[in-house]
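Shown next: structure.cif, given as mmCIF, N, CA, C and O atoms.
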```cif
data_final
loop_
_atom_site.label_atom_id
_atom_site.label_comp_id
_atom_site.auth_asym_id
_atom_site.auth_seq_id
_atom_site.Cartn_x
_atom_site.Cartn_y
_atom_site.Cartn_z
N MET A 357 57.99 108.03 128.74
CA MET A 357 57.67 108.06 130.16
C MET A 357 57.38 106.63 130.60
O MET A 357 56.57 105.95 129.99
N ASP A 358 58.04 106.18 131.67
CA ASP A 358 57.77 104.82 132.14
C ASP A 358 56.43 104.77 132.88
O ASP A 358 55.86 105.80 133.23
N ILE A 359 55.93 103.59 133.11
CA ILE A 359 54.59 103.40 133.68
C ILE A 359 54.47 104.00 135.08
O ILE A 359 53.45 104.59 135.42
N LYS A 360 55.51 103.90 135.90
CA LYS A 360 55.47 104.44 137.26
C LYS A 360 55.32 105.97 137.21
O LYS A 360 54.51 106.54 137.94
N LYS A 361 56.11 106.62 136.36
CA LYS A 361 56.01 108.08 136.24
C LYS A 361 54.63 108.48 135.73
O LYS A 361 54.05 109.47 136.16
N PHE A 362 54.10 107.71 134.79
CA PHE A 362 52.77 107.99 134.25
C PHE A 362 51.71 107.86 135.34
O PHE A 362 50.84 108.74 135.48
N GLU A 363 51.75 106.79 136.14
CA GLU A 363 50.78 106.61 137.22
C GLU A 363 50.89 107.73 138.24
O GLU A 363 49.89 108.24 138.73
N ASP A 364 52.13 108.13 138.58
CA ASP A 364 52.32 109.24 139.52
C ASP A 364 51.72 110.53 138.97
O ASP A 364 51.08 111.29 139.69
N PHE A 365 51.95 110.78 137.68
CA PHE A 365 51.41 111.97 137.04
C PHE A 365 49.88 111.97 137.10
O PHE A 365 49.26 112.97 137.45
N ILE A 366 49.27 110.85 136.77
CA ILE A 366 47.81 110.74 136.79
C ILE A 366 47.29 110.95 138.21
O ILE A 366 46.34 111.70 138.42
N ASN A 367 47.91 110.33 139.20
CA ASN A 367 47.45 110.45 140.58
C ASN A 367 47.59 111.87 141.11
O ASN A 367 46.72 112.37 141.82
N GLU A 368 48.68 112.55 140.76
CA GLU A 368 48.91 113.91 141.24
C GLU A 368 47.98 114.90 140.56
O GLU A 368 47.63 115.92 141.14
N ASN A 369 47.60 114.64 139.33
CA ASN A 369 46.81 115.60 138.56
C ASN A 369 45.35 115.22 138.42
O ASN A 369 44.61 115.86 137.69
N ASN A 370 44.95 114.18 139.10
CA ASN A 370 43.56 113.74 139.03
C ASN A 370 42.76 114.54 140.05
O ASN A 370 42.85 114.33 141.24
N ILE A 371 41.96 115.49 139.55
CA ILE A 371 41.20 116.35 140.45
C ILE A 371 39.83 115.77 140.79
O ILE A 371 39.14 116.29 141.66
N SER A 372 39.44 114.71 140.11
CA SER A 372 38.13 114.13 140.41
C SER A 372 38.19 113.37 141.72
O SER A 372 39.21 112.84 142.12
N GLU A 373 37.06 113.35 142.38
CA GLU A 373 36.92 112.69 143.67
C GLU A 373 36.93 111.17 143.49
O GLU A 373 36.49 110.67 142.47
N LYS A 374 37.43 110.48 144.48
CA LYS A 374 37.39 109.01 144.47
C LYS A 374 35.95 108.56 144.38
O LYS A 374 35.06 109.14 145.00
N GLU A 375 35.72 107.49 143.63
CA GLU A 375 34.38 106.92 143.51
C GLU A 375 34.41 105.46 143.92
O GLU A 375 35.44 104.79 143.83
N PHE A 376 33.24 105.00 144.35
CA PHE A 376 33.10 103.63 144.83
C PHE A 376 31.85 103.02 144.22
O PHE A 376 30.82 103.69 144.06
N LEU A 377 31.94 101.74 143.91
CA LEU A 377 30.79 100.98 143.46
C LEU A 377 30.24 100.27 144.69
O LEU A 377 30.97 99.52 145.36
N VAL A 378 28.98 100.52 145.01
CA VAL A 378 28.38 100.02 146.24
C VAL A 378 27.33 98.97 145.91
O VAL A 378 26.43 99.22 145.10
N TYR A 379 27.46 97.82 146.55
CA TYR A 379 26.50 96.72 146.39
C TYR A 379 25.71 96.61 147.69
O TYR A 379 26.28 96.47 148.76
N ASP A 380 24.39 96.67 147.59
CA ASP A 380 23.52 96.50 148.74
C ASP A 380 23.27 95.00 148.91
O ASP A 380 22.58 94.39 148.10
N LEU A 381 23.85 94.41 149.94
CA LEU A 381 23.73 92.96 150.15
C LEU A 381 22.48 92.58 150.93
O LEU A 381 22.22 91.40 151.13
N SER A 382 21.69 93.58 151.33
CA SER A 382 20.47 93.30 152.11
C SER A 382 19.31 92.87 151.23
O SER A 382 18.29 92.42 151.74
N GLY A 383 19.45 93.07 149.91
CA GLY A 383 18.37 92.70 149.01
C GLY A 383 17.46 93.86 148.63
O GLY A 383 16.53 93.69 147.86
N ARG A 384 17.72 95.05 149.16
CA ARG A 384 16.87 96.21 148.85
C ARG A 384 17.13 96.76 147.47
O ARG A 384 16.29 97.42 146.89
N SER A 385 18.34 96.54 146.95
CA SER A 385 18.69 97.07 145.63
C SER A 385 19.32 95.95 144.81
O SER A 385 20.21 95.25 145.29
N THR A 386 18.85 95.78 143.59
CA THR A 386 19.35 94.68 142.78
C THR A 386 20.59 95.05 141.98
O THR A 386 21.33 94.18 141.56
N LYS A 387 20.81 96.36 141.78
CA LYS A 387 21.97 96.80 141.00
C LYS A 387 22.92 97.60 141.88
O LYS A 387 22.47 98.35 142.75
N PRO A 388 24.21 97.48 141.63
CA PRO A 388 25.16 98.32 142.38
C PRO A 388 25.02 99.78 141.93
O PRO A 388 24.52 100.06 140.84
N TYR A 389 25.45 100.68 142.77
CA TYR A 389 25.38 102.10 142.43
C TYR A 389 26.71 102.77 142.77
O TYR A 389 27.46 102.29 143.60
N ARG A 390 26.98 103.90 142.11
CA ARG A 390 28.22 104.63 142.31
C ARG A 390 27.99 105.77 143.29
O ARG A 390 27.01 106.49 143.20
N LEU A 391 28.93 105.90 144.22
CA LEU A 391 28.92 107.02 145.15
C LEU A 391 30.32 107.60 145.21
O LEU A 391 31.31 106.87 145.15
N ASP A 392 30.41 108.93 145.37
CA ASP A 392 31.74 109.51 145.53
C ASP A 392 32.08 109.58 147.01
O ASP A 392 31.22 109.47 147.88
N LYS A 393 33.36 109.76 147.27
CA LYS A 393 33.87 109.77 148.64
C LYS A 393 33.19 110.84 149.48
O LYS A 393 32.82 110.58 150.63
N GLU A 394 33.02 112.02 148.91
CA GLU A 394 32.41 113.12 149.64
C GLU A 394 30.99 112.78 150.10
O GLU A 394 30.61 113.07 151.23
N HIS A 395 30.21 112.15 149.24
CA HIS A 395 28.85 111.76 149.62
C HIS A 395 28.87 110.75 150.76
O HIS A 395 28.10 110.88 151.72
N ILE A 396 29.73 109.76 150.67
CA ILE A 396 29.81 108.75 151.73
C ILE A 396 30.23 109.39 153.04
O ILE A 396 29.65 109.10 154.10
N GLU A 397 31.20 110.30 152.99
CA GLU A 397 31.66 110.96 154.22
C GLU A 397 30.56 111.80 154.86
O GLU A 397 30.51 111.92 156.09
N ARG A 398 29.67 112.36 154.06
CA ARG A 398 28.58 113.18 154.60
C ARG A 398 27.44 112.35 155.17
O ARG A 398 26.74 112.80 156.07
N THR A 399 27.22 111.15 154.65
CA THR A 399 25.98 110.44 154.97
C THR A 399 26.14 109.09 155.68
O THR A 399 25.15 108.55 156.17
N TRP A 400 27.33 108.54 155.72
CA TRP A 400 27.53 107.23 156.32
C TRP A 400 28.22 107.36 157.68
O TRP A 400 28.85 108.36 157.98
N ASP A 401 28.12 106.30 158.48
CA ASP A 401 28.82 106.21 159.76
C ASP A 401 30.28 105.85 159.47
O ASP A 401 30.59 104.70 159.15
N LEU A 402 31.18 106.81 159.59
CA LEU A 402 32.58 106.60 159.23
C LEU A 402 33.34 105.75 160.24
O LEU A 402 34.46 105.32 159.97
N ASP A 403 32.73 105.48 161.39
CA ASP A 403 33.35 104.62 162.39
C ASP A 403 32.96 103.16 162.24
O ASP A 403 33.44 102.30 162.98
N GLU A 404 32.09 102.86 161.28
CA GLU A 404 31.66 101.48 161.05
C GLU A 404 32.85 100.64 160.59
O GLU A 404 33.69 101.10 159.82
N GLU A 405 32.91 99.40 161.06
CA GLU A 405 33.99 98.48 160.69
C GLU A 405 33.47 97.42 159.75
O GLU A 405 32.32 96.98 159.85
N ASP A 406 34.34 96.99 158.84
CA ASP A 406 33.97 95.89 157.95
C ASP A 406 34.29 94.57 158.63
O ASP A 406 34.67 94.53 159.81
N ASP A 407 34.15 93.48 157.90
CA ASP A 407 34.36 92.14 158.46
C ASP A 407 35.80 91.92 158.90
O ASP A 407 36.08 91.05 159.72
N ASP A 408 36.73 92.71 158.36
CA ASP A 408 38.14 92.60 158.73
C ASP A 408 38.56 93.68 159.74
O ASP A 408 39.75 93.92 159.95
N GLU A 409 37.57 94.35 160.34
CA GLU A 409 37.76 95.40 161.34
C GLU A 409 38.48 96.63 160.80
O GLU A 409 39.20 97.32 161.51
N VAL A 410 38.27 96.93 159.51
CA VAL A 410 38.79 98.15 158.91
C VAL A 410 37.70 99.22 159.03
O VAL A 410 36.56 99.00 158.62
N ILE A 411 38.05 100.36 159.59
CA ILE A 411 37.10 101.45 159.76
C ILE A 411 36.84 102.10 158.40
O ILE A 411 37.76 102.31 157.61
N LEU A 412 35.57 102.43 158.14
CA LEU A 412 35.18 102.99 156.86
C LEU A 412 35.99 104.24 156.50
O LEU A 412 36.44 104.39 155.37
N LYS A 413 36.21 105.14 157.45
CA LYS A 413 36.99 106.35 157.16
C LYS A 413 38.38 105.99 156.65
O LYS A 413 38.87 106.59 155.69
N ASP A 414 39.03 105.01 157.29
CA ASP A 414 40.37 104.59 156.85
C ASP A 414 40.32 103.99 155.45
O ASP A 414 41.19 104.25 154.63
N TYR A 415 39.30 103.19 155.19
CA TYR A 415 39.16 102.60 153.86
C TYR A 415 39.00 103.69 152.80
O TYR A 415 39.64 103.65 151.76
N LEU A 416 38.14 104.66 153.07
CA LEU A 416 37.91 105.73 152.10
C LEU A 416 39.20 106.50 151.80
O LEU A 416 39.47 106.85 150.66
N ASP A 417 39.98 106.76 152.83
CA ASP A 417 41.22 107.53 152.67
C ASP A 417 42.32 106.72 151.99
O ASP A 417 43.07 107.26 151.18
N ASP A 418 42.44 105.45 152.34
CA ASP A 418 43.60 104.65 151.93
C ASP A 418 43.37 103.74 150.74
O ASP A 418 44.32 103.20 150.19
N SER A 419 42.12 103.55 150.33
CA SER A 419 41.82 102.58 149.29
C SER A 419 42.37 103.00 147.93
O SER A 419 42.50 104.19 147.63
N GLU A 420 42.69 101.99 147.15
CA GLU A 420 43.13 102.17 145.77
C GLU A 420 42.19 101.38 144.88
O GLU A 420 41.41 100.55 145.37
N VAL A 421 42.25 101.61 143.60
CA VAL A 421 41.37 100.95 142.65
C VAL A 421 41.36 99.44 142.89
O VAL A 421 42.41 98.81 142.98
N GLY A 422 40.16 98.89 143.04
CA GLY A 422 39.99 97.46 143.23
C GLY A 422 39.88 97.03 144.68
O GLY A 422 39.44 95.91 144.97
N ASP A 423 40.27 97.88 145.64
CA ASP A 423 40.17 97.53 147.06
C ASP A 423 38.70 97.42 147.46
O ASP A 423 37.87 98.20 147.02
N GLU A 424 38.42 96.45 148.33
CA GLU A 424 37.04 96.19 148.76
C GLU A 424 36.88 96.41 150.25
O GLU A 424 37.83 96.23 151.02
N TRP A 425 35.68 96.78 150.64
CA TRP A 425 35.28 96.94 152.04
C TRP A 425 33.90 96.32 152.14
O TRP A 425 33.00 96.66 151.37
N GLU A 426 33.72 95.36 153.07
CA GLU A 426 32.46 94.61 153.08
C GLU A 426 31.97 94.33 154.49
O GLU A 426 32.74 93.94 155.37
N THR A 427 30.66 94.53 154.69
CA THR A 427 29.97 94.15 155.93
C THR A 427 28.88 93.15 155.55
O THR A 427 28.80 92.73 154.40
N ASN A 428 28.03 92.82 156.50
CA ASN A 428 26.93 91.90 156.21
C ASN A 428 25.91 92.51 155.24
O ASN A 428 25.22 91.79 154.53
N SER A 429 25.82 93.85 155.21
CA SER A 429 24.78 94.47 154.41
C SER A 429 25.27 95.27 153.21
O SER A 429 24.47 95.67 152.36
N VAL A 430 26.57 95.51 153.10
CA VAL A 430 27.08 96.31 151.99
C VAL A 430 28.49 95.88 151.60
O VAL A 430 29.27 95.45 152.43
N LYS A 431 28.75 95.99 150.29
CA LYS A 431 30.09 95.77 149.76
C LYS A 431 30.44 96.98 148.93
O LYS A 431 29.63 97.46 148.13
N MET A 432 31.67 97.49 149.12
CA MET A 432 32.11 98.69 148.43
C MET A 432 33.43 98.39 147.72
O MET A 432 34.31 97.75 148.30
N VAL A 433 33.54 98.82 146.47
CA VAL A 433 34.76 98.61 145.69
C VAL A 433 35.24 99.96 145.20
O VAL A 433 34.47 100.73 144.60
N CYS A 434 36.51 100.27 145.43
CA CYS A 434 37.08 101.54 144.99
C CYS A 434 37.28 101.50 143.48
O CYS A 434 37.81 100.53 142.93
N LEU A 435 36.84 102.55 142.79
CA LEU A 435 36.96 102.64 141.33
C LEU A 435 38.13 103.51 140.92
O LEU A 435 38.47 104.46 141.39
#
```

Output the file's structure in the form of structure tokens.
Amino acid sequence: MDIKKFEDFINENNISEKEFLVYDLSGRSTKPYRLDKEHIERTWDLDEEDDDEVILKDYLDDSEVGDEWETNSVKMVCL
């Protein structure tokens, strides 16, 4: 199986929810923490924009491993 077919297989059969590593840039938390997409969608303002004017909801839906979303107070990395 070539790498592209393998990646497609993993993506199609991956039932786990997307996860994100969240860094609190405000200084309230010294360690990053993991949150899943569902938790963020329930508790965060999905209309918030990052420094590049990307809406959080769009980032959550479209992000791939390694993609970042950052504001003055938080940085999020897709896992």

Starting from the shown file, work through the PyMOL selection byres ((chain A and resi 423-429) around 6) and note down what comes out as an MDAnalysis selection string.
-> chainID A and resid 379:382 405:408 419:422 430:434

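The nearest approach to Leu391 in chain A among the residues A:Asp417, A:Leu412, A:Asp358, A:Leu435, with all atoms listed in the file taken into account, belongs to A:Leu435.
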
Mind listing the strand (DSSP E) residues of chain A, per DSSP on the backbone, as a VMD selection string?
-> chain A and resid 375 to 380 389 to 392 424 to 426 430 to 434

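Between CA of Val378 in chain A and CA of Trp400 in chain A there is a distance of 12.4 Å.
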
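The shell of residues at most 6 Å from Lys393 in chain A, with all atoms listed in the file counted and near chain neighbours (fewer than 2 positions) removed, consists of Glu373, Lys374, Glu375, Phe376, Leu391, His395, Ile396, Glu397 and Arg398 of chain A.
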
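Note that CA of Thr399 in chain A and CA of Lys387 in chain A are 19.9 Å apart.
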
Write out as a PyMOL selection string all residues of chain A that DSSP puts in helix (DSSP H, G or I) for this structure's backbone.
-> chain A and resi 359-369+393-399+412-418

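Distance-wise, CA of Lys413 in chain A and CA of Gly383 in chain A end up 24.5 Å apart.
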